[in-house]
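Note sheet for the following structure.
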Amino acid sequence: MRWMCLALCLLTVVGAGCEQSSPSPRDMAYLTASPQVLEFGASAVGVSRTMKVRLANHGRAGLGIHGASAIPSTLEVTPFEPFVLEAGDERELEVRFAPDAEGEVRGVLEVRTDANNVGREGVMRLGVGGQGVRTRVEVRTSALDFGGEELGRARMLELPVFNPTQVESPVHLEFQGTDADLFSSGEVGALRMLKPGEERVLPVYFTPARPGVAQASVRVTACPGCEPTVVSLSGTGLPTRLEVTPSRVEFGRVALGDSVEERILVRNVGPLPLTYGGVKLLDNESGAFHVVSVSLLVGRVLDPGAALEVRVGFSPAAHGAVREARVELDLRRPGTSSPGPQMALSGEGGASCVVLQPQPLDFGVVAEGMSATRDVLILNRCRADALLTELKLTTKKGGHFILAQAPSSTPIPAGQSLSVPLTFRPRASSEAGEEGEAELVAKVLIGRGTSTEVLKVVGTGKVFSPCQYKLEPATVDFGNVPVGSEVTLAAAVRNTGATECYLAGMQLIDGSDASFSAEKKGNSVLQPGQRALLLVRFKPGSEGEFTGLAEGWVNHPSNGHVLIPLRGLGVNGCFSVQPTSLDFGLTRLTCGPRERELIVYNRCPGPTTLRGLMTEGDAGDFKLEHALFFPATLPANSQARIKVSYEPRSDGEDAAALRFDLGMGSPYTVGLVGRGELKTDQTDEFVQQVQAKVDVLFVMDNSGSMMDEQQNVGENFAAFLTHAASTGVDYHIAVTTTGTERSSGGWAVCPGGAEGGENGRFFPVDNSSPRIITPTTSAAATVFAHNINVGVCHWNERGLDAMHRALSAPLVFEQDDPRTPQPMDGNAGFLREDARLAVIVVTDEEDFSEQPVSFYETFLLGLKGGDASRVIFSTIAGPKDLSSCPKASTSGTRYIQLAEATGGVVESICTANWAASLEKMSRRAFGPNRSFQLSEKPADASRIVVRVDGVEVKTGWVYDHTSKTVTFAEDSVPRPGASVSVAYLVGC
């Protein structure tokens with residue numbers, strides 16, 4: 001009691017003192033600075049970075065800024081004249097950071113002022129921090145050979161350089177050697193900066209001023225004192241006026257048994273004719289190189305302006321690099337003995353880790369007078385990034401094969417791919433049709449080696465009678481769709497004539513609203529009565545009406561451009577149906593129906609009348625079961641369930657629209673799609689991707705028993721980022737809580753501005769720290785430790801509901817939650833369509849959310865288009881056996897069920913090693929896929945055949961019946977870029 005009396009006495013004294021008037025800060029000259037700490041982050045050694053600090057006078061009297069300085073010497077303030085800040089004025093100071101060594105730098109910016117709030121010494125001090133990072137640049141070649149070049153003329157080759165670091169890196173070039181004066185670059189002496197991960201080609205020129213062989217080198221450095229990369233340079237000055245393209249032929253790596261051809265073009269650009277004595281190969285000991293053909297020269301003379309074409313081939317018979325050979329042309333002025341030009345030939349035998357698919361590319365039948373476009377996929381299955389340096393398409397017979405725009409110097413990251421469109425247009429010929437053939441050759445730089453890949457391209461032209469067709473439906477109307485939900489409906493073209501129709505493809509037309517999306521459909525031949533479907537998805541991001549157009553092309557002289565209007569309404573209301581699309585996938589005709597469930601929600605304050613249900617489209621393939629009698633009245637805050645079964649009657653795709661009529665304008669729509677199939681065997685193909693983007697949502701329990709666990713997660717965040725840092729993942733990390741309503745107060749208060757009731761909003765709701773952490777977030781570990789400390793004021797743990805609300809409309813689309821008074825408390829910008837999604841719940845209690853676990857599983861899969869490999873739910877929760885974990889109040893059985901369904905990680909809340917537990921979750925979230933979900937259920941799991949890169953793998957994987965997934969052991973995970981195929985007999 002004594003201390004309580006003392007406290008009351010102090011309060012009495014302080015209260016009495018408060019009655020005396022004292023000057024308010026607003027009556028004085030009051031200086032503020034923003035930001036309080038200048039964090040430059042990682043900066044390249046020897047390179048200057050600049051930041052600005054804003055000085056503001058928030059008082060009512062003017063103040064003087066007399067000067068500023070910074071320490072240590074790596075920090076510098078841009079000089080300025082002393083100035084006066086009047087009341088309400090602002091002004092910026094510029095501070096430069098130029099690290100001269102590796103390591104962390106901490107300093108102080110001192111601003112000299114007469115402001116009243118900075119103390120008697122008249123100095124305001126601001127923290128400054130940064131880190132010097134030693135940069136480096138990778139050079140993708142060890143030598144540049146310019147071949148022969150005429151005296152006085154210049155030839156340019158490209159020097160590829162790459163910045164593998166996380167900071168900008170300068171590039172310096174320096175030429176050395178006996179003939180350094182003959183080589184140059186526009187980059188010499190200039191400071192060229194490479195962004196993190198950027199690849200660029202620098203021009204290097206050879207301009208011979210004297211005949212004969214010239215040799216030199218170029219030193220490439222990234223910073224003062226850095227170890228240079230030396231690239232050797234060579235070329236030959238030719239006295240004759242010949243233009244040789246290319247001067248060096250690099251076939252790269254070619255598969256054994258394949259043969260690749262290249263063309264050498266030699267043009268006489270001088271004023272005098274040259275005599276031609278033939279062509280021969282030198283140093284061709286392997287016999288892998290051969291001369292394919294030489295163009296005919298009349299009188300064996302190459303006249304001024306004329307050109308000679310030589311085609312050379314490479315057919316390796318063994319693995320490994322083949323000794324370099326040369327092809328020599330006997331071209332000289334009459335009466336002279338000067339040597340002719342020589343071009344180097346190089347190549348390597350062996351399989352490549354770069355693959356062109358499909359092999360072959362078959363356009364099938366294409367109507368004459370029309371064209372078809374297909375995509376070639378260039379897959380980089382290498383462990384390193386690749387650079388596509390050349391892509392060449394050669395038509396051999398039977399039509400026109402077109403490469404619209406050949407990509408040049410296009411990078412393909414490891415494990416990823418590049419799509420290149422090719423077009424086939426048949427020549428006019430007989431009605432029987434004519435086969436066309438072409439060859440696509442791709443040259444790819446991998447490290448310091450080049451790979452050459454060949455793809456066979458075929459197609460057949462045919463004459464068709466004019467197509468008779470109709471559209472089903474004439475307009476695709478999506479009706480009412482809740483904002484953020486997605487509905488899939490079909491736009492169809494049916495052949496109503498007695499002869500075949502050629503359909504050149506279907507797609508969304510440019511200019512359609514972005515709320516509509518569809519996968520482009522390739523060319524096909526429709527038999528009489530047959531149809532083609534384009535599945536269109538509608539996902540409104542806001543309220544209002546949206547329109548678009550689907551288009552296709554058929555063989556008809558005047559009505560060949562098919563146009564199908566699209567329209568839909570985005571709505572926000574208290575009536576909804578979930579899910580808004582049911583995809584039944586592939587269904588065997590002999591296996592009976594598949595069943596799914598819809599839930600109709602009336603969250604309105606009063607009853608809602610449902611006047612009827614109607615199925616449009618392939619209604620005979622979909623059947624409904626429910627207990628509703630129309631008109632049906634749904635009480636306030638109620639729900640009803642509808643069972644939908646799919647039993648296809650024939651092969652092919654089926655689609656229908658299920659309409660919910662409320663008697664008020666447009667109906668609410670649910671999309672139904674499926675595919676019937678007769679065959680009994682199935683092979684699923686996958687490519688092991690490198691996850692370039694991952695979105696991670698932590699759901700943290702903010703109940704009274706979680707203080708230590710929050711601290712443990714924050715302190716071990718570095719362990720969680722282990723795999724993200726090692727693989728260069730572009731991550732988004734956010735935190736929300738298990739609280740969905742404000743705490744009623746009491747013994748504890750939660751920070752962040754929502755009193756524990758984040759209700760799915762990211763913490764902190766008041767934006768007191770960054771709410772979405774990315775690789776560019778300064779002091780990310782400190783920010784996360786702050787964000788994970790959500791407080792311990794709540795009691796009602798609803799983690800799955802919180803996750804659902806965080807990733808649903810309106811939060812996921814809005815910068816500001818329209819339902820709350822706090823500003824900028826929405827979650828927009830977190831969820832990315834092309835990123836993997838990982839959710840991690842940390843709790844010591846069971847989940848008390850409203851819906852069954854299957855609802856949340858369906859919701860997560862729906863966010864990623866049903867692709868189970870792009871969704872991971874993990875949890876640190878109370879284990880099933882509570883005897884091993886006295887801390888846990890209850891088992892987190894619902895969280896564990898969802899984690900097991902998605903192949904996530906389950907760890908105990910009583911873990912003795914938080915770093916190890918978080919590191920496991922890091923591997924699962926950021927590492928390569930271990931689990932591959934099959935499209936169908938195998939009839940006999942013992943007969944599943946798994947192949948990786950074409951080689952059967954009999955051990956190191958297991959099949960899970962529940963999730964239909966093949967899961968590899970951690971030490972057997974396919975490498976990035978590997979192809980994985982799973983063959984099996986389909987069950988029911």
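Please note that chains go A, B, ... in the order of the structure tokens, that every chain numbers its residues from 1, and that ligands are numbered from 1 in the order shown.
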
Report as a tab-separated table: every residue of region 757-859 of chain A with an atom at most 9 Å from region 531-548 of chain A, its closest pair of atoms, and their distance in Å to one decimal, counting only C-alpha atoms, with rows sorted by chain and ascending residue number.
residue	atom	partner	partner_atom	distance
A:Ala809	CA	A:Gly541	CA	8.4
A:Pro810	CA	A:Ser542	CA	8.8
A:Phe813	CA	A:Gly541	CA	6.9

| Nearby residues (only C-alpha atoms) at most 9 Å from Gly62 (chain A), same-chain spacing under 5 positions excluded, as a ChimeraX atom specification | /A:28-30,57,84-89,115

Take the residues that were just selected and, keeping C-alpha atoms, output them as a PDB file, in the first residue's frame.
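Written output follows (result.pdb):
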ATOM      1  CA  MET A  28       7.761  27.801 -30.854  1.00  0.00           C
ATOM      2  CA  ALA A  29      10.010  27.102 -33.833  1.00  0.00           C
ATOM      3  CA  TYR A  30       9.435  23.342 -34.006  1.00  0.00           C
ATOM      4  CA  ASN A  57       8.743  23.668 -39.427  1.00  0.00           C
ATOM      5  CA  VAL A  84      15.266  30.079 -42.954  1.00  0.00           C
ATOM      6  CA  LEU A  85      12.191  27.857 -42.613  1.00  0.00           C
ATOM      7  CA  GLU A  86       9.137  29.945 -41.927  1.00  0.00           C
ATOM      8  CA  ALA A  87       6.172  28.470 -40.071  1.00  0.00           C
ATOM      9  CA  GLY A  88       4.713  25.620 -42.149  1.00  0.00           C
ATOM     10  CA  ASP A  89       7.624  25.558 -44.666  1.00  0.00           C
ATOM     11  CA  ALA A 115      14.799  25.457 -33.477  1.00  0.00           C
TER      12      ALA A 115
END

| query | Near region 456-459 of chain A, counting only C-alpha atoms, which residues have an atom at most 6 Å away, once you skip same-chain residues fewer than 2 positions from it, shown as a ChimeraX atom specification? | reply | /A:360-364,435-439

With the cut-off set at 10 Å and counting only C-alpha atoms, tabulate each residue of region 872-942 of chain A with an atom at most that distance from an atom of region 970-975 of chain A, showing the nearest atom pair and its distance in Å to one decimal, ordered by chain and increasing number, as CSV.
residue,atom,partner,partner_atom,distance
A:Arg923,CA,A:Glu970,CA,9.7
A:Gly927,CA,A:Val973,CA,9.9
A:Pro928,CA,A:Val973,CA,7.5
A:Asn929,CA,A:Val973,CA,7.5
A:Arg930,CA,A:Val973,CA,5.8
A:Ser931,CA,A:Val973,CA,9.0

Expected file: the selected residues, all heavy atoms, as an mmCIF file, in the first residue's frame:
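Output (result_19.cif):
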data_model
loop_
_atom_site.group_PDB
_atom_site.id
_atom_site.type_symbol
_atom_site.label_atom_id
_atom_site.label_comp_id
_atom_site.auth_asym_id
_atom_site.auth_seq_id
_atom_site.Cartn_x
_atom_site.Cartn_y
_atom_site.Cartn_z
ATOM 1 N N ARG A 923 11.454 -24.423 -46.637
ATOM 2 C CA ARG A 923 11.731 -25.340 -47.738
ATOM 3 C C ARG A 923 10.455 -25.668 -48.506
ATOM 4 O O ARG A 923 10.462 -25.755 -49.732
ATOM 5 C CB ARG A 923 12.349 -26.637 -47.211
ATOM 6 C CG ARG A 923 13.813 -26.527 -46.834
ATOM 7 C CD ARG A 923 14.490 -27.885 -46.817
ATOM 8 N NE ARG A 923 13.803 -28.848 -45.963
ATOM 9 C CZ ARG A 923 14.080 -29.045 -44.691
ATOM 10 N NH1 ARG A 923 15.027 -28.336 -44.107
ATOM 11 N NH2 ARG A 923 13.418 -29.957 -43.984
ATOM 12 N N GLY A 927 10.864 -23.787 -51.772
ATOM 13 C CA GLY A 927 11.633 -24.773 -52.524
ATOM 14 C C GLY A 927 10.869 -25.337 -53.703
ATOM 15 O O GLY A 927 9.713 -24.988 -53.957
ATOM 16 N N PRO A 928 11.493 -26.256 -54.444
ATOM 17 C CA PRO A 928 10.822 -26.879 -55.593
ATOM 18 C C PRO A 928 9.675 -27.771 -55.144
ATOM 19 O O PRO A 928 9.601 -28.207 -53.988
ATOM 20 C CB PRO A 928 11.948 -27.707 -56.250
ATOM 21 C CG PRO A 928 12.922 -27.963 -55.150
ATOM 22 C CD PRO A 928 12.871 -26.755 -54.261
ATOM 23 N N ASN A 929 8.763 -28.056 -56.071
ATOM 24 C CA ASN A 929 7.621 -28.912 -55.751
ATOM 25 C C ASN A 929 8.083 -30.319 -55.406
ATOM 26 O O ASN A 929 8.903 -30.907 -56.110
ATOM 27 C CB ASN A 929 6.668 -28.988 -56.947
ATOM 28 C CG ASN A 929 5.911 -27.704 -57.160
ATOM 29 O OD1 ASN A 929 5.748 -26.916 -56.237
ATOM 30 N ND2 ASN A 929 5.454 -27.484 -58.373
ATOM 31 N N ARG A 930 7.530 -30.843 -54.323
ATOM 32 C CA ARG A 930 7.735 -32.255 -54.001
ATOM 33 C C ARG A 930 6.524 -33.080 -54.415
ATOM 34 O O ARG A 930 6.642 -34.269 -54.675
ATOM 35 C CB ARG A 930 7.981 -32.434 -52.503
ATOM 36 C CG ARG A 930 9.332 -31.962 -52.013
ATOM 37 C CD ARG A 930 9.467 -32.198 -50.510
ATOM 38 N NE ARG A 930 9.223 -33.584 -50.170
ATOM 39 C CZ ARG A 930 8.818 -34.002 -48.972
ATOM 40 N NH1 ARG A 930 8.575 -33.127 -48.009
ATOM 41 N NH2 ARG A 930 8.627 -35.281 -48.740
ATOM 42 N N SER A 931 5.354 -32.452 -54.446
ATOM 43 C CA SER A 931 4.112 -33.180 -54.711
ATOM 44 C C SER A 931 3.525 -32.788 -56.054
ATOM 45 O O SER A 931 3.490 -31.601 -56.401
ATOM 46 C CB SER A 931 3.090 -32.905 -53.598
ATOM 47 O OG SER A 931 3.585 -33.333 -52.345
#

| For Gln710 (chain A): contacts at 9 Å, only C-alpha atoms, fewer than 2 positions along chain excluded, given as a list in words | Met700, Asp701, Asn702, Met706, Met707, Asp708, Asn712, Val713, Gly714, Glu715, Ala785, Ile788, Asn789, Val790, Gly791 and Val842 of chain A

| task | Check the smallest atom-to-atom distance from each of A:Met664, A:Cys604, A:Leu613, A:Met370 to Val554 (chain A) using only C-alpha atoms, then report the winner. | result | A:Met370

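Minimum distance to Asn716 (chain A) across A:Ala916, A:Val291, A:Phe575, A:Ile876 (counting only C-alpha atoms) occurs at A:Ala916.
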
| Which of region 486-716 of chain A DSSP labels strand (DSSP E or B), written as a ChimeraX atom specification | /A:487-495,501-508,516-518,521,524-526,531-538,544-554,561-571,575-578,581-588,594-602,608-610,612-617,622-625,632-634,638-646,652-661,668-677,681-687,693-700,703

| message | Please list as number ranges by chain every residue within 12 Å of Asp834 (chain A), counting only C-alpha atoms and excluding residues in the same chain fewer than 2 positions away. | response | A: 691-695, 730-731, 830-832, 836-837, 863-865, 867, 870-871

Restricting it to N, CA, C and O atoms, dump the selection as an mmCIF file, in the first residue's frame.
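As written to disk, again18.cif reads:
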data_model
loop_
_atom_site.group_PDB
_atom_site.id
_atom_site.type_symbol
_atom_site.label_atom_id
_atom_site.label_comp_id
_atom_site.auth_asym_id
_atom_site.auth_seq_id
_atom_site.Cartn_x
_atom_site.Cartn_y
_atom_site.Cartn_z
ATOM 1 N N GLN A 691 10.240 -21.592 -58.324
ATOM 2 C CA GLN A 691 9.207 -20.653 -57.893
ATOM 3 C C GLN A 691 9.790 -19.245 -57.794
ATOM 4 O O GLN A 691 10.488 -18.917 -56.844
ATOM 5 N N ALA A 692 9.552 -18.446 -58.822
ATOM 6 C CA ALA A 692 10.098 -17.094 -58.824
ATOM 7 C C ALA A 692 9.320 -16.178 -57.879
ATOM 8 O O ALA A 692 9.853 -15.195 -57.396
ATOM 9 N N LYS A 693 8.029 -16.496 -57.609
ATOM 10 C CA LYS A 693 7.208 -15.633 -56.769
ATOM 11 C C LYS A 693 6.421 -16.489 -55.773
ATOM 12 O O LYS A 693 5.830 -17.499 -56.162
ATOM 13 N N VAL A 694 6.410 -16.056 -54.515
ATOM 14 C CA VAL A 694 5.654 -16.753 -53.476
ATOM 15 C C VAL A 694 5.019 -15.706 -52.563
ATOM 16 O O VAL A 694 5.698 -14.780 -52.110
ATOM 17 N N ASP A 695 3.711 -15.844 -52.301
ATOM 18 C CA ASP A 695 2.993 -14.988 -51.354
ATOM 19 C C ASP A 695 2.760 -15.799 -50.075
ATOM 20 O O ASP A 695 2.184 -16.895 -50.136
ATOM 21 N N ASP A 730 11.056 -13.959 -55.209
ATOM 22 C CA ASP A 730 10.368 -12.674 -55.037
ATOM 23 C C ASP A 730 9.167 -12.933 -54.131
ATOM 24 O O ASP A 730 8.156 -13.476 -54.575
ATOM 25 N N TYR A 731 9.293 -12.576 -52.849
ATOM 26 C CA TYR A 731 8.243 -12.929 -51.900
ATOM 27 C C TYR A 731 7.450 -11.716 -51.439
ATOM 28 O O TYR A 731 7.936 -10.591 -51.428
ATOM 29 N N PHE A 830 -1.111 -7.682 -52.289
ATOM 30 C CA PHE A 830 -0.430 -8.843 -51.702
ATOM 31 C C PHE A 830 -0.519 -10.068 -52.607
ATOM 32 O O PHE A 830 0.498 -10.679 -52.947
ATOM 33 N N LEU A 831 -1.711 -10.431 -53.003
ATOM 34 C CA LEU A 831 -1.946 -11.674 -53.734
ATOM 35 C C LEU A 831 -1.692 -11.452 -55.221
ATOM 36 O O LEU A 831 -2.314 -10.606 -55.855
ATOM 37 N N ARG A 832 -0.792 -12.256 -55.778
ATOM 38 C CA ARG A 832 -0.437 -12.154 -57.193
ATOM 39 C C ARG A 832 -0.857 -13.435 -57.914
ATOM 40 O O ARG A 832 -0.632 -14.535 -57.420
ATOM 41 N N ARG A 836 2.988 -18.569 -56.157
ATOM 42 C CA ARG A 836 2.533 -19.638 -55.274
ATOM 43 C C ARG A 836 2.013 -18.998 -53.988
ATOM 44 O O ARG A 836 2.499 -17.960 -53.565
ATOM 45 N N LEU A 837 1.020 -19.644 -53.363
ATOM 46 C CA LEU A 837 0.439 -19.128 -52.125
ATOM 47 C C LEU A 837 0.753 -20.083 -50.983
ATOM 48 O O LEU A 837 0.475 -21.286 -51.076
ATOM 49 N N LEU A 863 -8.315 -19.986 -55.645
ATOM 50 C CA LEU A 863 -7.454 -18.816 -55.845
ATOM 51 C C LEU A 863 -6.377 -19.082 -56.882
ATOM 52 O O LEU A 863 -5.843 -18.143 -57.494
ATOM 53 N N LYS A 864 -6.007 -20.358 -57.088
ATOM 54 C CA LYS A 864 -4.930 -20.726 -58.012
ATOM 55 C C LYS A 864 -5.430 -21.619 -59.132
ATOM 56 O O LYS A 864 -4.691 -22.478 -59.625
ATOM 57 N N GLY A 865 -6.684 -21.420 -59.520
ATOM 58 C CA GLY A 865 -7.222 -22.134 -60.670
ATOM 59 C C GLY A 865 -7.269 -23.632 -60.499
ATOM 60 O O GLY A 865 -7.215 -24.377 -61.480
ATOM 61 N N ASP A 867 -5.007 -25.516 -59.206
ATOM 62 C CA ASP A 867 -3.663 -26.110 -59.272
ATOM 63 C C ASP A 867 -3.149 -26.340 -57.859
ATOM 64 O O ASP A 867 -2.690 -25.411 -57.181
ATOM 65 N N ARG A 870 0.304 -25.142 -56.397
ATOM 66 C CA ARG A 870 0.575 -23.733 -56.133
ATOM 67 C C ARG A 870 -0.048 -23.249 -54.828
ATOM 68 O O ARG A 870 -0.105 -22.063 -54.565
ATOM 69 N N VAL A 871 -0.514 -24.195 -53.994
ATOM 70 C CA VAL A 871 -1.125 -23.854 -52.710
ATOM 71 C C VAL A 871 -0.518 -24.729 -51.621
ATOM 72 O O VAL A 871 -0.476 -25.956 -51.764
#

| message | Between A:Val687, A:Ala307, A:Leu882, A:Ala490, which residue has the minimum interatomic distance to Pro273 (chain A), considering only C-alpha atoms? | response |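 Nearest candidate to Pro273 (chain A) out of A:Val687, A:Ala307, A:Leu882, A:Ala490: A:Ala307.
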
| request: Apply DSSP to the backbone of this structure and, from region 580-735 of chain A, keep only the residues in alpha helix (DSSP H); write these as a ChimeraX atom specification. | output: /A:707-715,717-720,722-727
